[in-house]
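Undergrad: Encoded as structure tokens, here's the structure I'll be asking about.
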Amino acid sequence: METLRIGMIGAGSMANYVHYPSLAEFDDVRIEAICDIDRKRLEETSDKYGVEKRYTDYKEMVDRNKLDAVYIIMPPHQLYDLVIHCLKKGLNVFIEKPPGVSLEQARNMAKIADLNGCITMVAFNRRYIPLMRKVKSIVEERGAIMQCMATFYKNLIEKEPPYYQGAVDILTSDGIHAVDTLRWMGGEPLKVLSDIENRYVEYSNSFNALIKFQNGCTGFLVTNWAVGKRVHTFEMHAKGISAFVNPNESAVVYSDNKEEGLIITTKEAAKSDEFAKYYGYYDENRHFIDCVKEGKQPETSFLDAVKTMELVDAIYHSRI
């Protein structure tokens with residue numbers, strides 16, 4: 001089995017929580033080198049995964065090692081220059097969401113990736129949650145999804161805007177998970193009508209949208225960062241069937257007017273009680289590695305991510 005050599009730029013909490021442990025389980029992956037400007041994090045992560053090649057300069061890491069792909073797990077407002085440098089070196093690139101801080105950045109990253117023949121991926125993990133994929137498959141056995149909903153609630157009522165001291169807005173930085181999953185469930189948007197509000201703060205923290213998709217499906221985005229607690233749920237409806245999904249816990253699927261629904265737990269669908277596996281991170285990493293080996297673009301390539309950023313942009317510019 002061909003072993004891919006991966007360079008890791010970033011050894012922070014997110015990378016260590018889900019990406020390093022996922023890659024470490026793959027028999028066909030070797031973490032070849034790690035880069036981080038924080039020497040303590042660099043040494044701790046490198047020691048944990050037995051990586052000898054350690055750098056504080058990502059350009060030096062890229063120049064000195066023969067790599068099949070690079071993971072760049074950085075805050076979105078620090079991402080662009082690193083991604084462009086690696087793409088121009090002809091490297092395949094995996095990044096966390098969002099793909100930059102603006103639609104223009106996302107488009108330019110996709111364009112430069114295409115010019116250099118690079119395989120790219122944005123980690124929209126909700127699409128890869130085993131429960132979400134299983135439920136979507138069950139619903140679509142009855143026909144195309146005709147109505148879908150993504151809700152995302154949090155309690156972050158702060159004077160200063162969250163997400164890197166306001167470097168990235170709430171919808172682009174975090175609410176984008178719900179936006180991307182709506183696209184995955186409903187298709188490509190045709191028309192958008194939105195309501196955006198500031199609730200108890202001086203920045204936008206509530207985003208609601210009605211989306212008409214090209215295939216006739218209707219989608220609803222309902223988010224608010226000034227409510228009780230984090231609740232993140234999804235709905236999918238097709239002819240004679242409805243699914244209600246809380247990916248942290250379980251899904252219930254109702255069909256044909258029966259009172260009893262089919263209940264599937266998150267851990268049952270993933271066949272694991274490990275967070276990285278039941279919440280999609282393991283499978284998204286596996287998907288990227290497989291696509292690099294097969295020479296094809298992932299489901300959530302930079303080019304596909306541009307479409308999600310376009311929908312974010314449309315929500316901002318379609319206020320009632």
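Ligands are numbered from 1 in the order shown, chains are lettered A, B, ... in the order of the structure tokens, and residues start at 1 in each chain.
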When DSSP is applied to the backbone of this structure, which of range 47-170 of chain A are assigned helix (DSSP H, G or I)? Write them out as a PDB file with N, CA and C atoms, in the first residue's frame.
TA:
ATOM      1  N   ASP A  47       6.664  15.071  19.528  1.00  0.00           N
ATOM      2  CA  ASP A  47       7.009  13.965  20.425  1.00  0.00           C
ATOM      3  C   ASP A  47       5.878  12.945  20.486  1.00  0.00           C
ATOM      4  N   LYS A  48       4.650  13.428  20.581  1.00  0.00           N
ATOM      5  CA  LYS A  48       3.485  12.538  20.707  1.00  0.00           C
ATOM      6  C   LYS A  48       3.344  11.622  19.506  1.00  0.00           C
ATOM      7  N   TYR A  58       7.271  27.492   7.764  1.00  0.00           N
ATOM      8  CA  TYR A  58       6.584  26.552   6.868  1.00  0.00           C
ATOM      9  C   TYR A  58       7.242  26.480   5.495  1.00  0.00           C
ATOM     10  N   LYS A  59       7.823  27.583   5.029  1.00  0.00           N
ATOM     11  CA  LYS A  59       8.499  27.557   3.727  1.00  0.00           C
ATOM     12  C   LYS A  59       9.709  26.630   3.767  1.00  0.00           C
ATOM     13  N   GLU A  60      10.403  26.645   4.875  1.00  0.00           N
ATOM     14  CA  GLU A  60      11.556  25.744   5.037  1.00  0.00           C
ATOM     15  C   GLU A  60      11.083  24.293   5.051  1.00  0.00           C
ATOM     16  N   MET A  61       9.983  24.006   5.736  1.00  0.00           N
ATOM     17  CA  MET A  61       9.451  22.644   5.776  1.00  0.00           C
ATOM     18  C   MET A  61       9.089  22.161   4.388  1.00  0.00           C
ATOM     19  N   VAL A  62       8.406  23.011   3.634  1.00  0.00           N
ATOM     20  CA  VAL A  62       7.978  22.633   2.283  1.00  0.00           C
ATOM     21  C   VAL A  62       9.179  22.434   1.368  1.00  0.00           C
ATOM     22  N   ASP A  63      10.188  23.271   1.484  1.00  0.00           N
ATOM     23  CA  ASP A  63      11.359  23.186   0.608  1.00  0.00           C
ATOM     24  C   ASP A  63      12.237  21.985   0.913  1.00  0.00           C
ATOM     25  N   ARG A  64      12.296  21.584   2.174  1.00  0.00           N
ATOM     26  CA  ARG A  64      13.250  20.552   2.581  1.00  0.00           C
ATOM     27  C   ARG A  64      12.690  19.132   2.558  1.00  0.00           C
ATOM     28  N   PRO A  76      -8.649  31.354   9.895  1.00  0.00           N
ATOM     29  CA  PRO A  76      -8.917  31.747   8.515  1.00  0.00           C
ATOM     30  C   PRO A  76      -8.258  33.049   8.082  1.00  0.00           C
ATOM     31  N   HIS A  77      -8.069  33.992   9.019  1.00  0.00           N
ATOM     32  CA  HIS A  77      -7.458  35.263   8.633  1.00  0.00           C
ATOM     33  C   HIS A  77      -5.935  35.170   8.515  1.00  0.00           C
ATOM     34  N   GLN A  78      -5.362  34.005   8.838  1.00  0.00           N
ATOM     35  CA  GLN A  78      -3.926  33.793   8.689  1.00  0.00           C
ATOM     36  C   GLN A  78      -3.614  32.741   7.618  1.00  0.00           C
ATOM     37  N   TYR A  80      -4.431  32.544   4.045  1.00  0.00           N
ATOM     38  CA  TYR A  80      -4.317  32.733   2.600  1.00  0.00           C
ATOM     39  C   TYR A  80      -2.883  32.606   2.068  1.00  0.00           C
ATOM     40  N   ASP A  81      -1.953  33.340   2.630  1.00  0.00           N
ATOM     41  CA  ASP A  81      -0.589  33.334   2.105  1.00  0.00           C
ATOM     42  C   ASP A  81       0.038  31.940   2.159  1.00  0.00           C
ATOM     43  N   LEU A  82      -0.239  31.203   3.231  1.00  0.00           N
ATOM     44  CA  LEU A  82       0.322  29.860   3.369  1.00  0.00           C
ATOM     45  C   LEU A  82      -0.248  28.927   2.312  1.00  0.00           C
ATOM     46  N   VAL A  83      -1.555  29.012   2.093  1.00  0.00           N
ATOM     47  CA  VAL A  83      -2.202  28.159   1.095  1.00  0.00           C
ATOM     48  C   VAL A  83      -1.656  28.457  -0.299  1.00  0.00           C
ATOM     49  N   ILE A  84      -1.577  29.728  -0.648  1.00  0.00           N
ATOM     50  CA  ILE A  84      -1.100  30.098  -1.979  1.00  0.00           C
ATOM     51  C   ILE A  84       0.341  29.631  -2.189  1.00  0.00           C
ATOM     52  N   HIS A  85       1.180  29.785  -1.181  1.00  0.00           N
ATOM     53  CA  HIS A  85       2.574  29.341  -1.297  1.00  0.00           C
ATOM     54  C   HIS A  85       2.641  27.849  -1.583  1.00  0.00           C
ATOM     55  N   CYS A  86       1.865  27.064  -0.848  1.00  0.00           N
ATOM     56  CA  CYS A  86       1.902  25.611  -1.034  1.00  0.00           C
ATOM     57  C   CYS A  86       1.307  25.203  -2.375  1.00  0.00           C
ATOM     58  N   LEU A  87       0.238  25.854  -2.797  1.00  0.00           N
ATOM     59  CA  LEU A  87      -0.356  25.542  -4.092  1.00  0.00           C
ATOM     60  C   LEU A  87       0.621  25.835  -5.227  1.00  0.00           C
ATOM     61  N   LYS A  88       1.344  26.928  -5.123  1.00  0.00           N
ATOM     62  CA  LYS A  88       2.301  27.279  -6.174  1.00  0.00           C
ATOM     63  C   LYS A  88       3.508  26.342  -6.193  1.00  0.00           C
ATOM     64  N   LEU A 103     -15.292  35.675   0.018  1.00  0.00           N
ATOM     65  CA  LEU A 103     -15.553  34.953  -1.222  1.00  0.00           C
ATOM     66  C   LEU A 103     -14.403  35.133  -2.205  1.00  0.00           C
ATOM     67  N   GLU A 104     -13.844  36.321  -2.269  1.00  0.00           N
ATOM     68  CA  GLU A 104     -12.733  36.575  -3.187  1.00  0.00           C
ATOM     69  C   GLU A 104     -11.527  35.706  -2.859  1.00  0.00           C
ATOM     70  N   GLN A 105     -11.194  35.566  -1.579  1.00  0.00           N
ATOM     71  CA  GLN A 105     -10.087  34.691  -1.203  1.00  0.00           C
ATOM     72  C   GLN A 105     -10.370  33.246  -1.604  1.00  0.00           C
ATOM     73  N   ALA A 106     -11.580  32.778  -1.345  1.00  0.00           N
ATOM     74  CA  ALA A 106     -11.929  31.404  -1.695  1.00  0.00           C
ATOM     75  C   ALA A 106     -11.817  31.176  -3.197  1.00  0.00           C
ATOM     76  N   ARG A 107     -12.318  32.118  -3.985  1.00  0.00           N
ATOM     77  CA  ARG A 107     -12.232  31.984  -5.443  1.00  0.00           C
ATOM     78  C   ARG A 107     -10.793  31.960  -5.925  1.00  0.00           C
ATOM     79  N   ASN A 108      -9.960  32.816  -5.349  1.00  0.00           N
ATOM     80  CA  ASN A 108      -8.567  32.871  -5.780  1.00  0.00           C
ATOM     81  C   ASN A 108      -7.800  31.610  -5.387  1.00  0.00           C
ATOM     82  N   MET A 109      -8.091  31.068  -4.207  1.00  0.00           N
ATOM     83  CA  MET A 109      -7.447  29.813  -3.819  1.00  0.00           C
ATOM     84  C   MET A 109      -7.847  28.689  -4.763  1.00  0.00           C
ATOM     85  N   ALA A 110      -9.123  28.628  -5.117  1.00  0.00           N
ATOM     86  CA  ALA A 110      -9.596  27.594  -6.043  1.00  0.00           C
ATOM     87  C   ALA A 110      -8.963  27.764  -7.418  1.00  0.00           C
ATOM     88  N   LYS A 111      -8.842  29.014  -7.860  1.00  0.00           N
ATOM     89  CA  LYS A 111      -8.270  29.288  -9.175  1.00  0.00           C
ATOM     90  C   LYS A 111      -6.794  28.883  -9.233  1.00  0.00           C
ATOM     91  N   ILE A 112      -6.042  29.243  -8.201  1.00  0.00           N
ATOM     92  CA  ILE A 112      -4.608  28.928  -8.193  1.00  0.00           C
ATOM     93  C   ILE A 112      -4.392  27.428  -8.014  1.00  0.00           C
ATOM     94  N   ALA A 113      -5.266  26.766  -7.261  1.00  0.00           N
ATOM     95  CA  ALA A 113      -5.183  25.303  -7.145  1.00  0.00           C
ATOM     96  C   ALA A 113      -5.382  24.647  -8.496  1.00  0.00           C
ATOM     97  N   ASP A 114      -6.349  25.142  -9.253  1.00  0.00           N
ATOM     98  CA  ASP A 114      -6.615  24.581 -10.579  1.00  0.00           C
ATOM     99  C   ASP A 114      -5.441  24.822 -11.525  1.00  0.00           C
ATOM    100  N   LEU A 115      -4.875  26.007 -11.495  1.00  0.00           N
ATOM    101  CA  LEU A 115      -3.745  26.323 -12.375  1.00  0.00           C
ATOM    102  C   LEU A 115      -2.534  25.449 -12.101  1.00  0.00           C
ATOM    103  N   ASN A 125     -16.987  19.227   8.078  1.00  0.00           N
ATOM    104  CA  ASN A 125     -17.141  17.893   8.651  1.00  0.00           C
ATOM    105  C   ASN A 125     -18.577  17.409   8.772  1.00  0.00           C
ATOM    106  N   ARG A 126     -19.564  18.332   8.807  1.00  0.00           N
ATOM    107  CA  ARG A 126     -20.953  17.870   8.972  1.00  0.00           C
ATOM    108  C   ARG A 126     -21.354  16.934   7.847  1.00  0.00           C
ATOM    109  N   ARG A 127     -20.850  17.166   6.663  1.00  0.00           N
ATOM    110  CA  ARG A 127     -21.187  16.291   5.531  1.00  0.00           C
ATOM    111  C   ARG A 127     -20.682  14.867   5.739  1.00  0.00           C
ATOM    112  N   TYR A 128     -19.638  14.720   6.549  1.00  0.00           N
ATOM    113  CA  TYR A 128     -18.989  13.424   6.706  1.00  0.00           C
ATOM    114  C   TYR A 128     -19.399  12.701   7.983  1.00  0.00           C
ATOM    115  N   PRO A 130     -21.143  10.178   9.975  1.00  0.00           N
ATOM    116  CA  PRO A 130     -21.788   8.939   9.524  1.00  0.00           C
ATOM    117  C   PRO A 130     -23.305   8.944   9.669  1.00  0.00           C
ATOM    118  N   LEU A 131     -23.818   9.511  10.770  1.00  0.00           N
ATOM    119  CA  LEU A 131     -25.266   9.567  10.960  1.00  0.00           C
ATOM    120  C   LEU A 131     -25.929  10.416   9.878  1.00  0.00           C
ATOM    121  N   MET A 132     -25.339  11.567   9.543  1.00  0.00           N
ATOM    122  CA  MET A 132     -25.908  12.431   8.517  1.00  0.00           C
ATOM    123  C   MET A 132     -25.951  11.721   7.165  1.00  0.00           C
ATOM    124  N   ARG A 133     -24.886  11.034   6.831  1.00  0.00           N
ATOM    125  CA  ARG A 133     -24.837  10.367   5.528  1.00  0.00           C
ATOM    126  C   ARG A 133     -25.820   9.195   5.476  1.00  0.00           C
ATOM    127  N   LYS A 134     -25.929   8.482   6.562  1.00  0.00           N
ATOM    128  CA  LYS A 134     -26.847   7.346   6.613  1.00  0.00           C
ATOM    129  C   LYS A 134     -28.295   7.814   6.474  1.00  0.00           C
ATOM    130  N   VAL A 135     -28.646   8.850   7.219  1.00  0.00           N
ATOM    131  CA  VAL A 135     -30.017   9.356   7.182  1.00  0.00           C
ATOM    132  C   VAL A 135     -30.346   9.937   5.809  1.00  0.00           C
ATOM    133  N   LYS A 136     -29.434  10.676   5.238  1.00  0.00           N
ATOM    134  CA  LYS A 136     -29.667  11.252   3.907  1.00  0.00           C
ATOM    135  C   LYS A 136     -29.912  10.146   2.880  1.00  0.00           C
ATOM    136  N   SER A 137     -29.164   9.072   2.987  1.00  0.00           N
ATOM    137  CA  SER A 137     -29.349   7.950   2.073  1.00  0.00           C
ATOM    138  C   SER A 137     -30.728   7.318   2.238  1.00  0.00           C
ATOM    139  N   ILE A 138     -31.172   7.181   3.478  1.00  0.00           N
ATOM    140  CA  ILE A 138     -32.496   6.594   3.744  1.00  0.00           C
ATOM    141  C   ILE A 138     -33.596   7.478   3.166  1.00  0.00           C
ATOM    142  N   VAL A 139     -33.483   8.776   3.386  1.00  0.00           N
ATOM    143  CA  VAL A 139     -34.503   9.713   2.896  1.00  0.00           C
ATOM    144  C   VAL A 139     -34.540   9.708   1.369  1.00  0.00           C
ATOM    145  N   GLU A 140     -33.390   9.738   0.747  1.00  0.00           N
ATOM    146  CA  GLU A 140     -33.337   9.842  -0.709  1.00  0.00           C
ATOM    147  C   GLU A 140     -33.732   8.557  -1.426  1.00  0.00           C
ATOM    148  N   TYR A 163     -14.693  34.896  17.452  1.00  0.00           N
ATOM    149  CA  TYR A 163     -13.951  34.402  16.284  1.00  0.00           C
ATOM    150  C   TYR A 163     -12.780  35.315  15.921  1.00  0.00           C
ATOM    151  N   TYR A 164     -11.689  35.087  16.661  1.00  0.00           N
ATOM    152  CA  TYR A 164     -10.425  35.769  16.401  1.00  0.00           C
ATOM    153  C   TYR A 164     -10.567  37.284  16.553  1.00  0.00           C
ATOM    154  N   GLN A 165     -11.223  37.686  17.648  1.00  0.00           N
ATOM    155  CA  GLN A 165     -11.428  39.091  17.983  1.00  0.00           C
ATOM    156  C   GLN A 165     -12.134  39.845  16.848  1.00  0.00           C
ATOM    157  N   GLY A 166     -13.024  39.142  16.168  1.00  0.00           N
ATOM    158  CA  GLY A 166     -13.812  39.778  15.120  1.00  0.00           C
ATOM    159  C   GLY A 166     -13.155  39.788  13.757  1.00  0.00           C
ATOM    160  N   ILE A 170     -19.455  35.907  12.227  1.00  0.00           N
ATOM    161  CA  ILE A 170     -20.036  34.678  12.765  1.00  0.00           C
ATOM    162  C   ILE A 170     -20.518  33.735  11.664  1.00  0.00           C
TER     163      ILE A 170
END
Undergrad: Near Asn155 in chain A, within 9 Å and counting only C-alpha atoms, which residues show up once chain neighbours fewer than 3 positions away are dropped, as a compact mmCIF listing (two decimals) with N, CA and C atoms, in the first residue's frame?
TA:
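Contents of around-v2.txt, freshly written:
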# COMPACT_ATOMS: atom_id res chain seq x y z
N ASN A 224 -28.90 31.67 15.64
CA ASN A 224 -28.93 32.77 16.61
C ASN A 224 -27.88 32.49 17.67
N TRP A 225 -26.98 33.43 17.89
CA TRP A 225 -25.89 33.26 18.85
C TRP A 225 -26.22 33.91 20.21
N ALA A 226 -27.49 34.25 20.44
CA ALA A 226 -27.87 34.95 21.68
C ALA A 226 -28.97 34.20 22.42
N VAL A 227 -28.97 32.89 22.32
CA VAL A 227 -30.04 32.10 22.92
C VAL A 227 -29.50 31.19 24.04
N GLY A 228 -30.21 30.11 24.35
CA GLY A 228 -29.93 29.36 25.56
C GLY A 228 -28.63 28.59 25.60
N LYS A 229 -28.34 27.82 24.55
CA LYS A 229 -27.13 26.98 24.53
C LYS A 229 -26.90 26.51 23.11
N ARG A 230 -25.80 25.77 22.93
CA ARG A 230 -25.51 25.23 21.61
C ARG A 230 -26.49 24.12 21.26
Undergrad: Can you tell me how far CA of Leu156 in chain A sits from CA of Val201 in chain A, in Å to one decimal?
TA: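 Those two atoms sit 9.8 Å apart.
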Undergrad: Lys53 in chain A: which residues within 12 Å, counting only C-alpha atoms, same-chain residues fewer than 4 positions away excluded, as a list in words?
TA: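 Selected residues are Ile6, Gly7, Met8, Arg30, Ile31, Glu32, Ala33, Ile34, Cys35, Asp36, Leu42, Glu43, Thr45, Ser46, Asp47, Tyr49, Asp57, Tyr58, Glu60, Met61, Val62, Arg64, Asn65 and Lys66 of chain A.
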Undergrad: Find, counting only C-alpha atoms, the residue in A:Asp38, A:Asp180, A:Asp28, A:Asp169 that gets nearest to Leu311 in chain A.
TA: A:Asp180
Undergrad: Which residues are close to Gln297 in chain A, i.e. within 8 Å by only C-alpha atoms, leaving aside same-chain residues fewer than 4 positions away? Reply as a PDB file with N, CA and C atoms, in the first residue's frame.
TA:
ATOM      1  N   ILE A 119      -4.884  18.918  -5.720  1.00  0.00           N
ATOM      2  CA  ILE A 119      -6.079  18.373  -5.073  1.00  0.00           C
ATOM      3  C   ILE A 119      -6.267  19.127  -3.761  1.00  0.00           C
ATOM      4  N   THR A 120      -7.479  19.602  -3.518  1.00  0.00           N
ATOM      5  CA  THR A 120      -7.720  20.451  -2.356  1.00  0.00           C
ATOM      6  C   THR A 120      -8.973  20.010  -1.612  1.00  0.00           C
ATOM      7  N   MET A 121      -9.032  20.368  -0.327  1.00  0.00           N
ATOM      8  CA  MET A 121     -10.210  20.029   0.455  1.00  0.00           C
ATOM      9  C   MET A 121     -10.398  21.016   1.596  1.00  0.00           C
ATOM     10  N   CYS A 291      -8.670  10.504  -1.939  1.00  0.00           N
ATOM     11  CA  CYS A 291      -8.727  11.308  -3.160  1.00  0.00           C
ATOM     12  C   CYS A 291      -7.330  11.649  -3.675  1.00  0.00           C
ATOM     13  N   VAL A 292      -6.404  11.932  -2.771  1.00  0.00           N
ATOM     14  CA  VAL A 292      -5.022  12.193  -3.190  1.00  0.00           C
ATOM     15  C   VAL A 292      -4.445  10.948  -3.863  1.00  0.00           C
ATOM     16  N   SER A 301     -13.999  20.123  -2.214  1.00  0.00           N
ATOM     17  CA  SER A 301     -12.799  20.765  -2.763  1.00  0.00           C
ATOM     18  C   SER A 301     -12.894  22.275  -2.612  1.00  0.00           C
TER      19      SER A 301
END
Undergrad: So how far away is CA of His237 in chain A from CA of Leu190 in chain A, in Å?
TA: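 Distance between the two atoms: 19.0 Å.
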Undergrad: How far is it from CA of Gln214 in chain A to CA of Val245 in chain A, in Å with one decimal?
TA: 23.9 Å
Undergrad: Residues of range 25-126 of chain A classed as strand (DSSP E or B) by DSSP on the backbone are to be reported as a VMD selection string.
TA: chain A and resid 29 to 35 53 to 55 69 to 72 92 to 96 120 to 123
Undergrad: Print the selection's residues with N, CA and C atoms to a file, as a compact mmCIF listing (two decimals), in the first residue's frame.
TA:
# COMPACT_ATOMS: atom_id res chain seq x y z
N VAL A 29 -0.49 6.43 5.76
CA VAL A 29 -0.11 7.83 5.95
C VAL A 29 1.07 7.91 6.91
N ARG A 30 2.02 8.77 6.58
CA ARG A 30 3.11 9.08 7.50
C ARG A 30 3.18 10.59 7.66
N ILE A 31 3.11 11.05 8.89
CA ILE A 31 3.29 12.47 9.16
C ILE A 31 4.79 12.73 9.06
N GLU A 32 5.19 13.35 7.97
CA GLU A 32 6.61 13.49 7.63
C GLU A 32 7.26 14.64 8.38
N ALA A 33 6.52 15.73 8.56
CA ALA A 33 7.10 16.92 9.19
C ALA A 33 5.99 17.76 9.79
N ILE A 34 6.34 18.52 10.82
CA ILE A 34 5.38 19.40 11.49
C ILE A 34 5.99 20.79 11.62
N CYS A 35 5.13 21.80 11.41
CA CYS A 35 5.56 23.19 11.56
C CYS A 35 4.59 23.93 12.47
N LYS A 53 11.15 15.60 12.08
CA LYS A 53 11.37 16.83 11.31
C LYS A 53 10.43 17.92 11.83
N ARG A 54 11.03 18.95 12.44
CA ARG A 54 10.26 19.98 13.13
C ARG A 54 10.71 21.36 12.67
N TYR A 55 9.74 22.22 12.37
CA TYR A 55 10.06 23.52 11.79
C TYR A 55 9.19 24.61 12.41
N ALA A 69 1.15 15.87 0.38
CA ALA A 69 0.07 16.80 0.72
C ALA A 69 0.47 17.58 1.96
N VAL A 70 -0.19 18.71 2.13
CA VAL A 70 0.05 19.56 3.31
C VAL A 70 -1.29 19.88 3.96
N TYR A 71 -1.34 19.72 5.26
CA TYR A 71 -2.46 20.18 6.07
C TYR A 71 -2.10 21.54 6.61
N ILE A 72 -2.98 22.52 6.39
CA ILE A 72 -2.74 23.87 6.92
C ILE A 72 -3.90 24.18 7.86
N ASN A 92 -0.78 19.29 -2.80
CA ASN A 92 -2.18 19.08 -2.46
C ASN A 92 -2.41 19.65 -1.06
N VAL A 93 -3.57 20.28 -0.84
CA VAL A 93 -3.77 21.04 0.40
C VAL A 93 -5.11 20.74 1.04
N PHE A 94 -5.07 20.52 2.35
CA PHE A 94 -6.25 20.34 3.19
C PHE A 94 -6.31 21.48 4.18
N ILE A 95 -7.48 22.15 4.30
CA ILE A 95 -7.62 23.23 5.27
C ILE A 95 -8.92 23.05 6.06
N GLU A 96 -8.99 23.72 7.20
CA GLU A 96 -10.23 23.77 7.95
C GLU A 96 -11.14 24.83 7.32
N THR A 120 -7.48 19.60 -3.52
CA THR A 120 -7.72 20.45 -2.36
C THR A 120 -8.97 20.01 -1.61
N MET A 121 -9.03 20.37 -0.33
CA MET A 121 -10.21 20.03 0.45
C MET A 121 -10.40 21.02 1.60
N VAL A 122 -11.67 21.37 1.82
CA VAL A 122 -12.07 22.17 2.99
C VAL A 122 -12.83 21.25 3.93
N ALA A 123 -12.52 21.32 5.21
CA ALA A 123 -13.05 20.37 6.19
C ALA A 123 -14.44 20.76 6.68
Undergrad: Would you kindly return, as a count of residues only, each protein, DNA or RNA residue with an atom no farther than 12 Å from any atom of Glu188 in chain A, considering only C-alpha atoms and excluding same-chain residues fewer than 2 positions away?
TA: 26
